[in-house]
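S.K.: query_12.tsv (TSV, C-alpha atoms) pasted underneath:
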```tsv
chain	number	residue	atom	x	y	z
A	1	MET	CA	-16.45	116.87	-98.78
A	2	ILE	CA	-18.22	113.65	-99.75
A	3	GLU	CA	-17.73	112.68	-103.38
A	4	LEU	CA	-20.22	110.28	-104.90
A	5	GLU	CA	-19.28	108.36	-108.03
A	6	GLY	CA	-21.65	106.25	-110.05
A	7	VAL	CA	-24.78	107.83	-108.61
A	8	PRO	CA	-26.97	109.41	-111.32
A	9	GLU	CA	-28.64	112.78	-110.91
A	10	LEU	CA	-31.70	112.19	-108.76
A	11	ILE	CA	-35.25	113.40	-109.33
A	12	ASP	CA	-36.91	115.16	-106.37
A	13	PRO	CA	-35.12	112.87	-103.92
A	14	VAL	CA	-36.43	112.12	-100.42
A	15	MET	CA	-34.23	110.44	-97.82
A	16	VAL	CA	-35.98	107.71	-95.76
A	17	ALA	CA	-34.03	106.44	-92.76
A	18	ALA	CA	-34.50	103.86	-90.01
A	19	PHE	CA	-32.17	102.47	-87.35
A	20	GLU	CA	-32.25	99.27	-85.37
A	21	GLY	CA	-32.15	99.56	-81.62
A	22	TRP	CA	-33.90	101.79	-79.10
A	23	ASN	CA	-36.11	103.54	-81.68
A	24	ASP	CA	-37.21	100.35	-83.44
A	25	ALA	CA	-39.80	98.45	-81.36
A	26	GLY	CA	-40.69	95.17	-82.99
A	27	ASP	CA	-38.15	95.96	-85.76
A	28	ALA	CA	-41.06	97.76	-87.44
A	29	ALA	CA	-39.12	100.77	-88.76
A	30	SER	CA	-36.00	99.00	-90.03
A	31	THR	CA	-38.17	96.33	-91.67
A	32	ALA	CA	-40.11	99.06	-93.49
A	33	VAL	CA	-36.95	100.47	-95.09
A	34	ALA	CA	-35.73	96.94	-95.88
A	35	HIS	CA	-39.05	96.32	-97.62
A	36	LEU	CA	-38.64	99.43	-99.77
A	37	GLU	CA	-35.12	98.39	-100.67
A	38	ARG	CA	-36.21	94.89	-101.62
A	39	GLU	CA	-39.34	95.84	-103.57
A	40	TRP	CA	-37.62	98.59	-105.54
A	41	LYS	CA	-34.28	96.76	-105.82
A	42	GLY	CA	-32.18	99.42	-104.17
A	43	GLU	CA	-28.49	99.62	-104.98
A	44	VAL	CA	-26.09	100.35	-102.13
A	45	PHE	CA	-23.72	103.18	-103.03
A	46	ALA	CA	-22.16	104.08	-99.66
A	47	ALA	CA	-21.54	102.74	-96.15
A	48	LEU	CA	-20.31	104.57	-93.07
A	49	ASP	CA	-17.07	103.42	-91.49
A	50	ALA	CA	-18.01	101.06	-88.66
A	51	GLU	CA	-14.85	101.92	-86.68
A	52	ASP	CA	-16.03	105.48	-86.17
A	53	TYR	CA	-19.47	104.87	-84.68
A	54	TYR	CA	-19.91	101.37	-83.23
A	55	ASP	CA	-18.83	99.52	-80.11
A	56	PHE	CA	-18.24	96.00	-81.37
A	57	GLN	CA	-18.83	94.53	-77.91
A	58	VAL	CA	-22.38	95.91	-78.11
A	59	ASN	CA	-23.01	95.28	-81.80
A	60	ARG	CA	-20.79	92.37	-82.73
A	61	PRO	CA	-19.68	91.60	-86.31
A	62	THR	CA	-20.80	88.33	-87.86
A	63	VAL	CA	-18.78	85.72	-89.74
A	64	TRP	CA	-20.18	83.86	-92.75
A	65	LEU	CA	-18.99	81.60	-95.56
A	66	ASP	CA	-18.91	82.75	-99.15
A	67	GLY	CA	-18.10	79.72	-101.29
A	68	GLY	CA	-15.81	78.32	-98.64
A	69	VAL	CA	-14.22	81.71	-97.94
A	70	ARG	CA	-14.85	83.19	-94.49
A	71	ARG	CA	-16.04	86.78	-94.55
A	72	ILE	CA	-16.98	89.33	-91.87
A	73	THR	CA	-19.95	91.65	-91.92
A	74	TRP	CA	-19.44	94.71	-89.74
A	75	PRO	CA	-22.32	96.54	-88.11
A	76	THR	CA	-22.76	99.82	-89.95
A	77	THR	CA	-25.19	102.11	-91.77
A	78	ARG	CA	-25.64	101.75	-95.54
A	79	LEU	CA	-27.19	104.07	-98.11
A	80	SER	CA	-28.96	102.90	-101.25
A	81	VAL	CA	-30.94	104.65	-103.97
A	82	VAL	CA	-34.13	103.56	-105.72
A	83	ARG	CA	-35.98	105.15	-108.61
A	84	VAL	CA	-39.77	105.08	-108.45
A	85	GLY	CA	-41.33	105.27	-111.91
A	86	GLY	CA	-44.80	106.31	-112.95
A	87	GLU	CA	-46.39	109.54	-114.08
A	88	LYS	CA	-44.35	111.48	-111.52
A	89	PRO	CA	-41.05	109.62	-111.11
A	90	ARG	CA	-38.91	110.43	-108.13
A	91	ASP	CA	-35.98	108.92	-106.28
A	92	LEU	CA	-35.61	107.71	-102.73
A	93	VAL	CA	-32.37	107.59	-100.78
A	94	LEU	CA	-32.74	104.76	-98.25
A	95	VAL	CA	-30.68	104.79	-95.05
A	96	ARG	CA	-30.69	101.59	-93.01
A	97	GLY	CA	-28.38	100.75	-90.15
A	98	ILE	CA	-27.94	100.38	-86.42
A	99	GLU	CA	-28.16	103.17	-83.89
A	100	PRO	CA	-24.53	104.24	-83.39
A	101	SER	CA	-22.78	103.66	-80.09
A	102	MET	CA	-20.78	106.93	-80.15
A	103	ARG	CA	-20.10	110.21	-81.98
A	104	TRP	CA	-23.72	110.92	-82.81
A	105	ARG	CA	-23.07	114.45	-83.98
A	106	SER	CA	-20.42	113.31	-86.47
A	107	PHE	CA	-22.73	110.51	-87.56
A	108	CYS	CA	-25.57	112.96	-88.32
A	109	ASN	CA	-23.22	115.40	-90.07
A	110	GLU	CA	-21.98	112.64	-92.36
A	111	LEU	CA	-25.53	111.66	-93.31
A	112	LEU	CA	-26.42	115.29	-93.93
A	113	GLY	CA	-23.35	115.57	-96.15
A	114	PHE	CA	-24.76	112.80	-98.33
A	115	ALA	CA	-28.16	114.49	-98.33
A	116	HIS	CA	-26.61	117.78	-99.47
A	117	GLU	CA	-24.60	116.16	-102.27
A	118	LEU	CA	-27.63	114.26	-103.55
A	119	GLY	CA	-29.96	117.26	-103.43
A	120	VAL	CA	-32.35	115.68	-100.92
A	121	GLU	CA	-35.48	117.81	-100.48
A	122	MET	CA	-36.78	116.21	-97.29
A	123	VAL	CA	-35.69	113.64	-94.73
A	124	VAL	CA	-38.24	111.17	-93.31
A	125	ILE	CA	-37.11	109.14	-90.30
A	126	LEU	CA	-39.11	106.07	-89.29
A	127	GLY	CA	-39.37	104.91	-85.70
A	128	ALA	CA	-41.44	102.59	-83.51
A	129	LEU	CA	-42.14	102.75	-79.80
A	130	LEU	CA	-43.92	100.63	-77.21
A	131	GLY	CA	-47.34	101.90	-76.22
A	132	ASP	CA	-50.64	101.05	-74.51
A	133	THR	CA	-52.37	100.10	-77.74
A	134	PRO	CA	-54.34	96.90	-78.46
A	135	HIS	CA	-53.13	94.63	-81.24
A	136	THR	CA	-56.72	94.30	-82.51
A	137	ARG	CA	-57.01	97.93	-83.55
A	138	PRO	CA	-55.32	99.90	-86.36
A	139	VAL	CA	-51.73	100.81	-85.48
A	140	PRO	CA	-51.46	104.49	-84.49
A	141	VAL	CA	-48.84	106.37	-86.50
A	142	SER	CA	-47.97	109.95	-85.57
A	143	GLY	CA	-46.04	112.38	-87.74
A	144	VAL	CA	-43.95	115.01	-85.93
A	145	THR	CA	-41.56	117.73	-86.97
A	146	SER	CA	-39.57	120.54	-85.39
A	147	ASP	CA	-40.45	122.93	-88.21
A	148	PRO	CA	-43.65	124.93	-87.46
A	149	ASP	CA	-44.14	125.83	-91.14
A	150	LEU	CA	-43.76	122.19	-92.19
A	151	ALA	CA	-46.19	121.13	-89.48
A	152	ARG	CA	-48.87	123.48	-90.82
A	153	ARG	CA	-48.24	122.68	-94.47
A	154	MET	CA	-48.26	118.88	-94.13
A	155	GLU	CA	-50.72	118.58	-91.21
A	156	LEU	CA	-48.13	117.23	-88.80
A	157	GLU	CA	-47.65	117.65	-85.08
A	158	GLU	CA	-44.99	120.02	-83.84
A	159	THR	CA	-42.93	117.99	-81.42
A	160	ARG	CA	-43.14	118.93	-77.73
A	161	TYR	CA	-41.31	115.90	-76.38
A	162	GLU	CA	-38.90	116.35	-73.46
A	163	GLY	CA	-36.79	113.50	-72.12
A	164	PRO	CA	-34.30	110.85	-73.26
A	165	THR	CA	-33.98	110.52	-77.02
A	166	GLY	CA	-32.38	108.27	-79.58
A	167	ILE	CA	-30.71	108.75	-82.91
A	168	VAL	CA	-34.07	109.51	-84.54
A	169	GLY	CA	-34.53	112.61	-82.39
A	170	ILE	CA	-30.90	113.69	-82.80
A	171	LEU	CA	-30.97	113.35	-86.59
A	172	GLN	CA	-34.23	115.28	-86.83
A	173	GLU	CA	-32.79	118.18	-84.81
A	174	ALA	CA	-29.59	118.10	-86.90
A	175	CYS	CA	-31.73	118.42	-90.05
A	176	THR	CA	-33.64	121.34	-88.55
A	177	HIS	CA	-30.45	123.23	-87.69
A	178	ALA	CA	-29.08	122.51	-91.18
A	179	GLY	CA	-32.24	123.87	-92.83
A	180	VAL	CA	-33.33	120.50	-94.22
A	181	PRO	CA	-37.06	119.72	-93.80
A	182	ALA	CA	-37.39	116.63	-91.62
A	183	VAL	CA	-40.32	114.52	-90.43
A	184	SER	CA	-40.41	111.60	-88.01
A	185	LEU	CA	-43.10	108.94	-88.32
A	186	TRP	CA	-43.69	106.89	-85.17
A	187	ALA	CA	-45.71	103.66	-84.97
A	188	ALA	CA	-47.03	102.50	-81.60
A	189	VAL	CA	-46.39	98.80	-80.94
A	190	PRO	CA	-48.35	96.93	-78.22
A	191	HIS	CA	-46.01	96.61	-75.29
A	192	TYR	CA	-47.38	93.17	-74.35
A	193	VAL	CA	-46.31	91.73	-77.73
A	194	SER	CA	-43.12	93.62	-78.50
A	195	GLN	CA	-41.10	90.74	-79.95
A	196	PRO	CA	-40.09	91.21	-83.58
A	197	PRO	CA	-41.26	91.04	-86.23
A	198	ASN	CA	-44.40	93.15	-86.22
A	199	PRO	CA	-45.61	93.28	-89.85
A	200	LYS	CA	-48.76	95.16	-88.88
A	201	ALA	CA	-46.74	98.11	-87.53
A	202	THR	CA	-44.43	97.96	-90.55
A	203	LEU	CA	-47.46	98.14	-92.83
A	204	ALA	CA	-48.83	101.13	-90.92
A	205	LEU	CA	-45.55	103.04	-91.33
A	206	LEU	CA	-45.47	102.35	-95.06
A	207	ASN	CA	-49.04	103.57	-95.52
A	208	ARG	CA	-48.29	106.77	-93.63
A	209	LEU	CA	-45.12	107.25	-95.67
A	210	GLU	CA	-47.14	106.68	-98.83
A	211	ASP	CA	-49.49	109.52	-97.89
A	212	LEU	CA	-46.64	111.81	-96.90
A	213	ILE	CA	-44.56	111.55	-100.08
A	214	ASP	CA	-47.48	110.82	-102.44
A	215	LEU	CA	-46.15	107.53	-103.80
A	216	ARG	CA	-47.79	104.16	-104.22
A	217	ILE	CA	-45.70	101.63	-102.35
A	218	PRO	CA	-45.90	97.96	-103.42
A	219	LEU	CA	-46.78	95.92	-100.36
A	220	GLY	CA	-46.07	92.41	-101.64
A	221	GLU	CA	-47.06	89.85	-99.01
A	222	LEU	CA	-46.83	92.29	-96.13
A	223	ALA	CA	-50.61	92.70	-95.79
A	224	GLU	CA	-51.11	88.94	-95.55
A	225	ASP	CA	-48.27	88.69	-93.02
A	226	ALA	CA	-49.97	91.37	-90.92
A	227	ARG	CA	-53.25	89.45	-90.87
A	228	ALA	CA	-51.48	86.22	-89.95
A	229	TRP	CA	-49.61	88.02	-87.16
A	230	GLN	CA	-52.83	89.35	-85.67
A	231	LEU	CA	-54.54	85.95	-85.81
A	232	GLY	CA	-51.59	84.43	-83.99
A	233	VAL	CA	-51.68	87.05	-81.24
A	234	ASP	CA	-55.47	86.64	-80.98
A	235	GLN	CA	-55.00	82.94	-80.31
A	236	LEU	CA	-52.31	83.52	-77.69
A	237	ALA	CA	-54.41	86.17	-75.92
A	238	SER	CA	-57.48	83.91	-75.85
A	239	GLU	CA	-55.51	81.26	-73.95
A	240	ASP	CA	-54.86	83.62	-71.01
A	241	SER	CA	-57.91	85.18	-69.35
A	242	GLU	CA	-55.89	87.97	-67.75
A	243	VAL	CA	-54.33	88.98	-71.07
A	244	ALA	CA	-57.71	88.81	-72.81
A	245	GLU	CA	-59.26	91.05	-70.15
A	246	TYR	CA	-56.39	93.52	-70.42
A	247	VAL	CA	-56.71	93.65	-74.21
A	248	GLN	CA	-60.44	94.32	-73.83
A	249	THR	CA	-59.67	97.23	-71.50
A	250	LEU	CA	-57.26	98.71	-74.03
A	251	GLU	CA	-59.85	98.28	-76.80
A	252	GLU	CA	-62.52	100.15	-74.86
A	253	ALA	CA	-60.13	102.98	-74.01
A	254	ARG	CA	-58.95	103.23	-77.62
A	255	ASP	CA	-62.47	103.21	-79.08
A	256	THR	CA	-63.60	105.93	-76.69
A	257	ALA	CA	-60.58	108.13	-77.38
A	258	GLU	CA	-60.84	107.85	-81.15
A	259	LEU	CA	-64.53	108.56	-81.65
A	260	PRO	CA	-63.75	112.07	-82.97
A	261	GLU	CA	-61.44	110.55	-85.61
A	262	ALA	CA	-64.40	109.82	-87.89
A	263	SER	CA	-64.00	113.24	-89.45
A	264	GLY	CA	-64.49	114.29	-93.03
A	265	GLU	CA	-60.75	114.63	-93.55
A	266	ALA	CA	-60.05	111.12	-92.25
A	267	ILE	CA	-62.75	109.61	-94.46
A	268	ALA	CA	-61.48	111.51	-97.51
A	269	ARG	CA	-57.92	110.33	-96.81
A	270	GLU	CA	-59.00	106.69	-96.67
A	271	PHE	CA	-61.03	107.07	-99.88
A	272	GLU	CA	-58.07	108.59	-101.71
A	273	ARG	CA	-55.89	105.67	-100.64
A	274	TYR	CA	-58.52	103.23	-101.89
A	275	LEU	CA	-58.69	104.92	-105.30
A	276	ARG	CA	-54.92	105.04	-105.58
A	277	ARG	CA	-54.59	101.32	-104.89
A	278	ARG	CA	-57.53	100.38	-107.12
A	279	ASP	CA	-56.00	102.24	-110.06
A	280	GLY	CA	-52.55	100.80	-109.36
A	281	GLY	CA	-53.28	97.33	-110.72
A	282	PRO	CA	-53.69	93.89	-109.14
A	283	GLY	CA	-53.45	93.50	-105.41
A	284	GLY	CA	-55.16	96.83	-104.83
A	285	GLY	CA	-58.17	97.59	-102.74
A	286	PRO	CA	-58.39	98.56	-99.11
A	287	ALA	CA	-58.03	95.01	-97.78
A	288	ALA	CA	-54.66	94.51	-99.42
A	289	GLY	CA	-53.31	98.01	-99.31
A	290	HIS	CA	-54.45	99.60	-96.08
A	291	ALA	CA	-51.75	99.13	-93.50
A	292	THR	CA	-53.86	99.88	-90.45
A	293	GLU	CA	-56.83	97.69	-91.36
A	294	SER	CA	-57.12	94.95	-88.77
A	295	GLY	CA	-60.27	93.40	-90.15
A	296	ASP	CA	-62.06	94.06	-86.85
A	297	ALA	CA	-64.69	96.77	-86.72
A	298	SER	CA	-65.13	98.87	-83.62
A	299	TYR	CA	-68.02	97.69	-81.48
A	300	LEU	CA	-70.38	99.22	-78.95
A	301	ARG	CA	-71.37	97.23	-75.91
A	302	ASP	CA	-74.41	97.47	-73.70
A	303	PRO	CA	-72.92	98.74	-70.40
A	304	SER	CA	-75.50	96.85	-68.34
A	305	GLY	CA	-74.35	93.40	-69.32
A	306	GLY	CA	-72.79	93.20	-72.72
A	307	ARG	CA	-75.93	91.94	-74.48
A	308	THR	CA	-78.01	93.52	-77.16
A	309	ARG	CA	-81.24	94.89	-75.78
A	310	PRO	CA	-84.29	94.35	-78.03
A	311	PRO	CA	-86.46	97.37	-78.74
A	312	LYS	CA	-89.17	97.97	-76.16
A	313	PRO	CA	-92.69	97.24	-77.52
A	314	PRO	CA	-94.99	100.27	-77.54
A	315	ALA	CA	-97.01	100.62	-74.34
A	316	ARG	CA	-100.75	100.36	-74.61
A	317	GLY	CA	-102.48	103.67	-74.28
A	318	ALA	CA	-104.40	104.66	-71.18
A	319	ASP	CA	-107.51	105.29	-73.30
A	320	ASP	CA	-107.45	101.71	-74.62
A	321	ARG	CA	-107.21	100.24	-71.11
A	322	ALA	CA	-109.87	102.57	-69.82
A	323	GLY	CA	-112.19	101.63	-72.70
A	324	GLU	CA	-111.79	97.92	-71.97
A	325	SER	CA	-112.49	98.43	-68.27
A	326	ALA	CA	-115.50	100.60	-69.03
A	327	GLY	CA	-116.89	97.96	-71.38
A	328	ARG	CA	-116.66	95.29	-68.68
A	329	ASP	CA	-118.30	97.58	-66.13
A	330	ARG	CA	-121.10	98.37	-68.57
A	331	ASP	CA	-121.86	94.67	-69.07
A	332	GLU	CA	-122.05	94.12	-65.32
A	333	ARG	CA	-124.38	97.07	-64.89
A	334	ASP	CA	-126.62	95.78	-67.70
A	335	ASP	CA	-127.03	92.49	-65.83
A	336	ARG	CA	-127.90	94.27	-62.62
A	337	ASP	CA	-130.30	96.59	-64.44
A	338	GLY	CA	-132.16	93.62	-65.89
A	339	ALA	CA	-133.33	92.75	-62.35
A	340	ARG	CA	-134.33	96.26	-61.42
A	341	GLY	CA	-136.96	96.87	-64.09
A	342	ASP	CA	-137.81	100.58	-63.88
A	343	ASP	CA	-134.21	101.74	-63.89
A	344	ARG	CA	-133.22	99.68	-66.92
A	345	ARG	CA	-133.82	102.37	-69.54
A	346	GLU	CA	-131.80	104.94	-67.55
A	347	ALA	CA	-128.92	102.49	-67.04
A	348	GLY	CA	-128.93	101.57	-70.73
A	349	SER	CA	-128.84	105.25	-71.68
A	350	ASP	CA	-125.96	105.82	-69.27
A	351	GLY	CA	-124.15	102.81	-70.72
A	352	ASP	CA	-124.46	104.23	-74.24
A	353	ARG	CA	-123.07	107.57	-73.15
A	354	ASN	CA	-120.21	105.88	-71.28
A	355	GLY	CA	-119.40	103.82	-74.40
A	356	ASP	CA	-119.21	106.95	-76.55
A	357	GLN	CA	-116.90	108.74	-74.08
A	358	GLY	CA	-114.49	105.82	-73.62
A	359	GLY	CA	-115.79	105.19	-70.06
A	360	ALA	CA	-113.20	107.56	-68.64
A	361	SER	CA	-115.17	108.73	-65.63
A	362	ASP	CA	-116.21	105.24	-64.53
A	363	THR	CA	-112.71	103.92	-64.95
A	364	GLY	CA	-111.27	106.75	-62.92
A	365	ALA	CA	-113.78	106.09	-60.18
A	366	ASP	CA	-113.09	102.34	-60.19
A	367	THR	CA	-109.33	102.88	-60.06
A	368	ALA	CA	-109.57	105.44	-57.25
A	369	ALA	CA	-111.80	103.16	-55.20
A	370	GLY	CA	-109.56	100.16	-55.65
A	371	ARG	CA	-112.11	98.31	-57.82
A	372	GLY	CA	-111.45	96.79	-61.21
A	373	PRO	CA	-108.60	94.29	-60.37
A	374	GLU	CA	-108.28	93.29	-64.00
A	375	SER	CA	-107.66	96.87	-65.06
A	376	GLY	CA	-105.03	97.24	-62.33
A	377	ALA	CA	-103.27	94.11	-63.50
A	378	ASP	CA	-103.22	95.39	-67.06
A	379	SER	CA	-101.72	98.67	-65.93
A	380	GLY	CA	-98.93	96.97	-63.99
A	381	ALA	CA	-98.02	94.40	-66.62
A	382	GLU	CA	-98.33	96.48	-69.71
A	383	GLY	CA	-97.63	100.00	-68.58
A	384	GLY	CA	-93.85	99.68	-68.87
A	385	PRO	CA	-91.15	101.12	-66.59
A	386	GLY	CA	-92.72	104.56	-66.44
A	387	ASP	CA	-96.11	103.50	-64.99
A	388	GLY	CA	-96.93	103.48	-61.32
A	389	ALA	CA	-100.10	101.35	-61.58
A	390	GLY	CA	-100.49	97.74	-60.52
A	391	ASP	CA	-97.98	96.49	-57.95
A	392	GLY	CA	-95.36	99.07	-58.90
A	393	ARG	CA	-92.91	96.48	-60.38
A	394	ARG	CA	-90.73	97.79	-63.23
A	395	GLU	CA	-90.39	95.08	-65.81
A	396	ASP	CA	-87.71	95.03	-68.46
A	397	PRO	CA	-89.20	93.83	-71.76
A	398	GLY	CA	-85.82	92.36	-72.64
A	399	GLU	CA	-85.89	89.92	-69.74
```
Could you rewrite the structure in this file as structure tokens?

M.R.:
Amino acid sequence: MIELEGVPELIDPVMVAAFEGWNDAGDAASTAVAHLEREWKGEVFAALDAEDYYDFQVNRPTVWLDGGVRRITWPTTRLSVVRVGGEKPRDLVLVRGIEPSMRWRSFCNELLGFAHELGVEMVVILGALLGDTPHTRPVPVSGVTSDPDLARRMELEETRYEGPTGIVGILQEACTHAGVPAVSLWAAVPHYVSQPPNPKATLALLNRLEDLIDLRIPLGELAEDARAWQLGVDQLASEDSEVAEYVQTLEEARDTAELPEASGEAIAREFERYLRRRDGGPGGGPAAGHATESGDASYLRDPSGGRTRPPKPPARGADDRAGESAGRDRDERDDRDGARGDDRREAGSDGDRNGDQGGASDTGADTAAGRGPESGADSGAEGGPGDGAGDGRREDPGE
């Protein structure tokens, strides 16, 4: 039995864990727990025995000087506790360490022993994996659980993964078998820029954790670090045409896949986060507090060439063109009628009637007979893509 001394009675405690190694792409998950520990000044109250779980040839100890005295830091897993104040105070038990080299079942049982003694209500395990996601878009974070009831209640995915797993998967299953609610939050890190640190992925995990446990997490300078990280990757990508083209392909695939995400629930969730940060004091607002904001809006591109097509001007009506043609024909007939004499009154009367009716019949006759070249030119140039008059050429008004 684990006996804890010096640890006060906790209020609605939640255990948040992260482990360096296979489940920690870009060090995003372990950095997130380190951030919580630093911002809330966590106090370490326990550490697992390194001899039981680590291969020191894989995870070597480090030597350092403490006032001229040489000391050794052994790779291990440490537990600390933080109290979050506010209207609804609660405590967090933070677990940060390295994925163990051996005895995983004993390792999980020891952590669950601490959870039982501290009265932990839920375990949240943070992880990060490499994925086909562009660095210019918000970091995808998925929440999964093995508990069907928990999945329905907290709008999580019920895990269906099959394949190799790490300590995150093993600890989640150990919690399920022990009857402790457990959730894993996974951030997707771009595989083409996997080197740590990745503050943007860390920020995304913290925002998702904030929604899950209903706590406002102080972000400090993490939001600014995330923006600086993205600008740096943007510059590196722009210097390599192949990388830039690949990023563009990922962007298009991501934008297409996530069009349905603009749902009422997603919008309401973002608005609630904005209100929570605005009411929380300085440094709030979506720009400073939203982990997945990249500052780049999704864009739509003209598939024909990537340019913006101006609106097509309205085509001139057939009646207008016919009226103009009829007016010209009427003038010509008036000139001819002036030389005829006796027929002038009849031609003038016909011209008046044709003017009242828009000259439709004369225009139709001229067009059918191939006369009226000016009218044919007007039809071809102004009729737009749908007209078959003129020379049949389809002109694009944007050209």

S.K.: Hey, can you check how far CA of Gly67 in chain A sits from CA of Glu37 in chain A?

M.R.: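 Separating CA of Gly67 in chain A from CA of Glu37 in chain A is a distance of 25.3 Å.
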
S.K.: Please indicate the distance in Å from CA of Arg103 in chain A to CA of Val124 in chain A, rounded to one decimal place.

M.R.: 21.4 Å

S.K.: Report the closest atom pair, with its distance in Å rounded to one decimal, for each residue of range 64-146 of chain A that has an atom no farther than 12 Å from range 15-33 of chain A; count all atoms listed in the file, sort by chain and then rising residue number, and write it as JSON lines.

M.R.:
```
{"residue": "A:Pro75", "atom": "CA", "partner": "A:Glu20", "partner_atom": "CA", "distance": 10.7}
{"residue": "A:Thr76", "atom": "CA", "partner": "A:Phe19", "partner_atom": "CA", "distance": 10.1}
{"residue": "A:Thr77", "atom": "CA", "partner": "A:Phe19", "partner_atom": "CA", "distance": 8.3}
{"residue": "A:Arg78", "atom": "CA", "partner": "A:Ala17", "partner_atom": "CA", "distance": 10.0}
{"residue": "A:Leu79", "atom": "CA", "partner": "A:Ala17", "partner_atom": "CA", "distance": 9.0}
{"residue": "A:Ser80", "atom": "CA", "partner": "A:Met15", "partner_atom": "CA", "distance": 9.8}
{"residue": "A:Val81", "atom": "CA", "partner": "A:Met15", "partner_atom": "CA", "distance": 9.1}
{"residue": "A:Val82", "atom": "CA", "partner": "A:Met15", "partner_atom": "CA", "distance": 10.5}
{"residue": "A:Arg90", "atom": "CA", "partner": "A:Met15", "partner_atom": "CA", "distance": 11.3}
{"residue": "A:Asp91", "atom": "CA", "partner": "A:Met15", "partner_atom": "CA", "distance": 8.8}
{"residue": "A:Leu92", "atom": "CA", "partner": "A:Met15", "partner_atom": "CA", "distance": 5.8}
{"residue": "A:Val93", "atom": "CA", "partner": "A:Met15", "partner_atom": "CA", "distance": 4.5}
{"residue": "A:Leu94", "atom": "CA", "partner": "A:Val16", "partner_atom": "CA", "distance": 5.0}
{"residue": "A:Val95", "atom": "CA", "partner": "A:Ala17", "partner_atom": "CA", "distance": 4.4}
{"residue": "A:Arg96", "atom": "CA", "partner": "A:Ala18", "partner_atom": "CA", "distance": 5.4}
{"residue": "A:Gly97", "atom": "CA", "partner": "A:Phe19", "partner_atom": "CA", "distance": 5.0}
{"residue": "A:Ile98", "atom": "CA", "partner": "A:Glu20", "partner_atom": "CA", "distance": 4.6}
{"residue": "A:Glu99", "atom": "CA", "partner": "A:Phe19", "partner_atom": "CA", "distance": 5.3}
{"residue": "A:Pro100", "atom": "CA", "partner": "A:Phe19", "partner_atom": "CA", "distance": 8.8}
{"residue": "A:Ser101", "atom": "CA", "partner": "A:Gly21", "partner_atom": "CA", "distance": 10.3}
{"residue": "A:Cys108", "atom": "CA", "partner": "A:Ala17", "partner_atom": "CA", "distance": 11.6}
{"residue": "A:Leu111", "atom": "CA", "partner": "A:Met15", "partner_atom": "CA", "distance": 9.9}
{"residue": "A:Leu112", "atom": "CA", "partner": "A:Met15", "partner_atom": "CA", "distance": 10.0}
{"residue": "A:Phe114", "atom": "CA", "partner": "A:Met15", "partner_atom": "CA", "distance": 9.8}
{"residue": "A:Ala115", "atom": "CA", "partner": "A:Met15", "partner_atom": "CA", "distance": 7.3}
{"residue": "A:His116", "atom": "CA", "partner": "A:Met15", "partner_atom": "CA", "distance": 10.7}
{"residue": "A:Leu118", "atom": "CA", "partner": "A:Met15", "partner_atom": "CA", "distance": 9.5}
{"residue": "A:Gly119", "atom": "CA", "partner": "A:Met15", "partner_atom": "CA", "distance": 9.8}
{"residue": "A:Val120", "atom": "CA", "partner": "A:Met15", "partner_atom": "CA", "distance": 6.4}
{"residue": "A:Glu121", "atom": "CA", "partner": "A:Met15", "partner_atom": "CA", "distance": 7.9}
{"residue": "A:Met122", "atom": "CA", "partner": "A:Met15", "partner_atom": "CA", "distance": 6.3}
{"residue": "A:Val123", "atom": "CA", "partner": "A:Met15", "partner_atom": "CA", "distance": 4.7}
{"residue": "A:Val124", "atom": "CA", "partner": "A:Val16", "partner_atom": "CA", "distance": 4.8}
{"residue": "A:Ile125", "atom": "CA", "partner": "A:Ala17", "partner_atom": "CA", "distance": 4.8}
{"residue": "A:Leu126", "atom": "CA", "partner": "A:Ala18", "partner_atom": "CA", "distance": 5.2}
{"residue": "A:Gly127", "atom": "CA", "partner": "A:Ala29", "partner_atom": "CA", "distance": 5.2}
{"residue": "A:Ala128", "atom": "CA", "partner": "A:Asp24", "partner_atom": "CA", "distance": 4.8}
{"residue": "A:Leu129", "atom": "CA", "partner": "A:Ala25", "partner_atom": "CA", "distance": 5.1}
{"residue": "A:Leu130", "atom": "CA", "partner": "A:Ala25", "partner_atom": "CA", "distance": 6.2}
{"residue": "A:Gly131", "atom": "CA", "partner": "A:Ala25", "partner_atom": "CA", "distance": 9.8}
{"residue": "A:Val139", "atom": "CA", "partner": "A:Ala28", "partner_atom": "CA", "distance": 11.3}
{"residue": "A:Val141", "atom": "CA", "partner": "A:Ala29", "partner_atom": "CA", "distance": 11.4}
```

S.K.: Provide the CA of Pro13 in chain A to CA of Ala201 in chain A distance in Å, to one decimal place.

M.R.: 24.9 Å

S.K.: Dig up all the protein and nucleic acid residues within 7 Å of (-33.5, 109.4, -110.9) in the file frame, using only C-alpha atoms, and format them as a list in words.

M.R.: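 Result, sorted by chain then residue number: Pro8, Glu9, Leu10, Ile11, Arg83, Arg90 and Asp91 of chain A.
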
S.K.: Using only C-alpha atoms, can you tell me which of A:Gly42, A:Pro199, A:Pro190, A:Gly86 comes closest to Trp229 in chain A?

M.R.: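 Of A:Gly42, A:Pro199, A:Pro190, A:Gly86, the one nearest Trp229 in chain A is A:Pro199, counting only C-alpha atoms.
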
S.K.: Let me make sure I understand: among A:Trp64, A:Trp104, A:Gly6, A:Thr73, which one has the smallest atom-to-atom distance to Gly166 in chain A if we use all atoms listed in the file?

M.R.: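 Of all the options, A:Trp104 lies closest to Gly166 in chain A.
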
S.K.: Find the residue from A:Lys88, A:Lys200, A:Arg60, A:Arg137 that sits nearest to Arg216 in chain A; use all atoms listed in the file when measuring.

M.R.: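 Closest to Arg216 in chain A, using all atoms listed in the file: A:Lys88.
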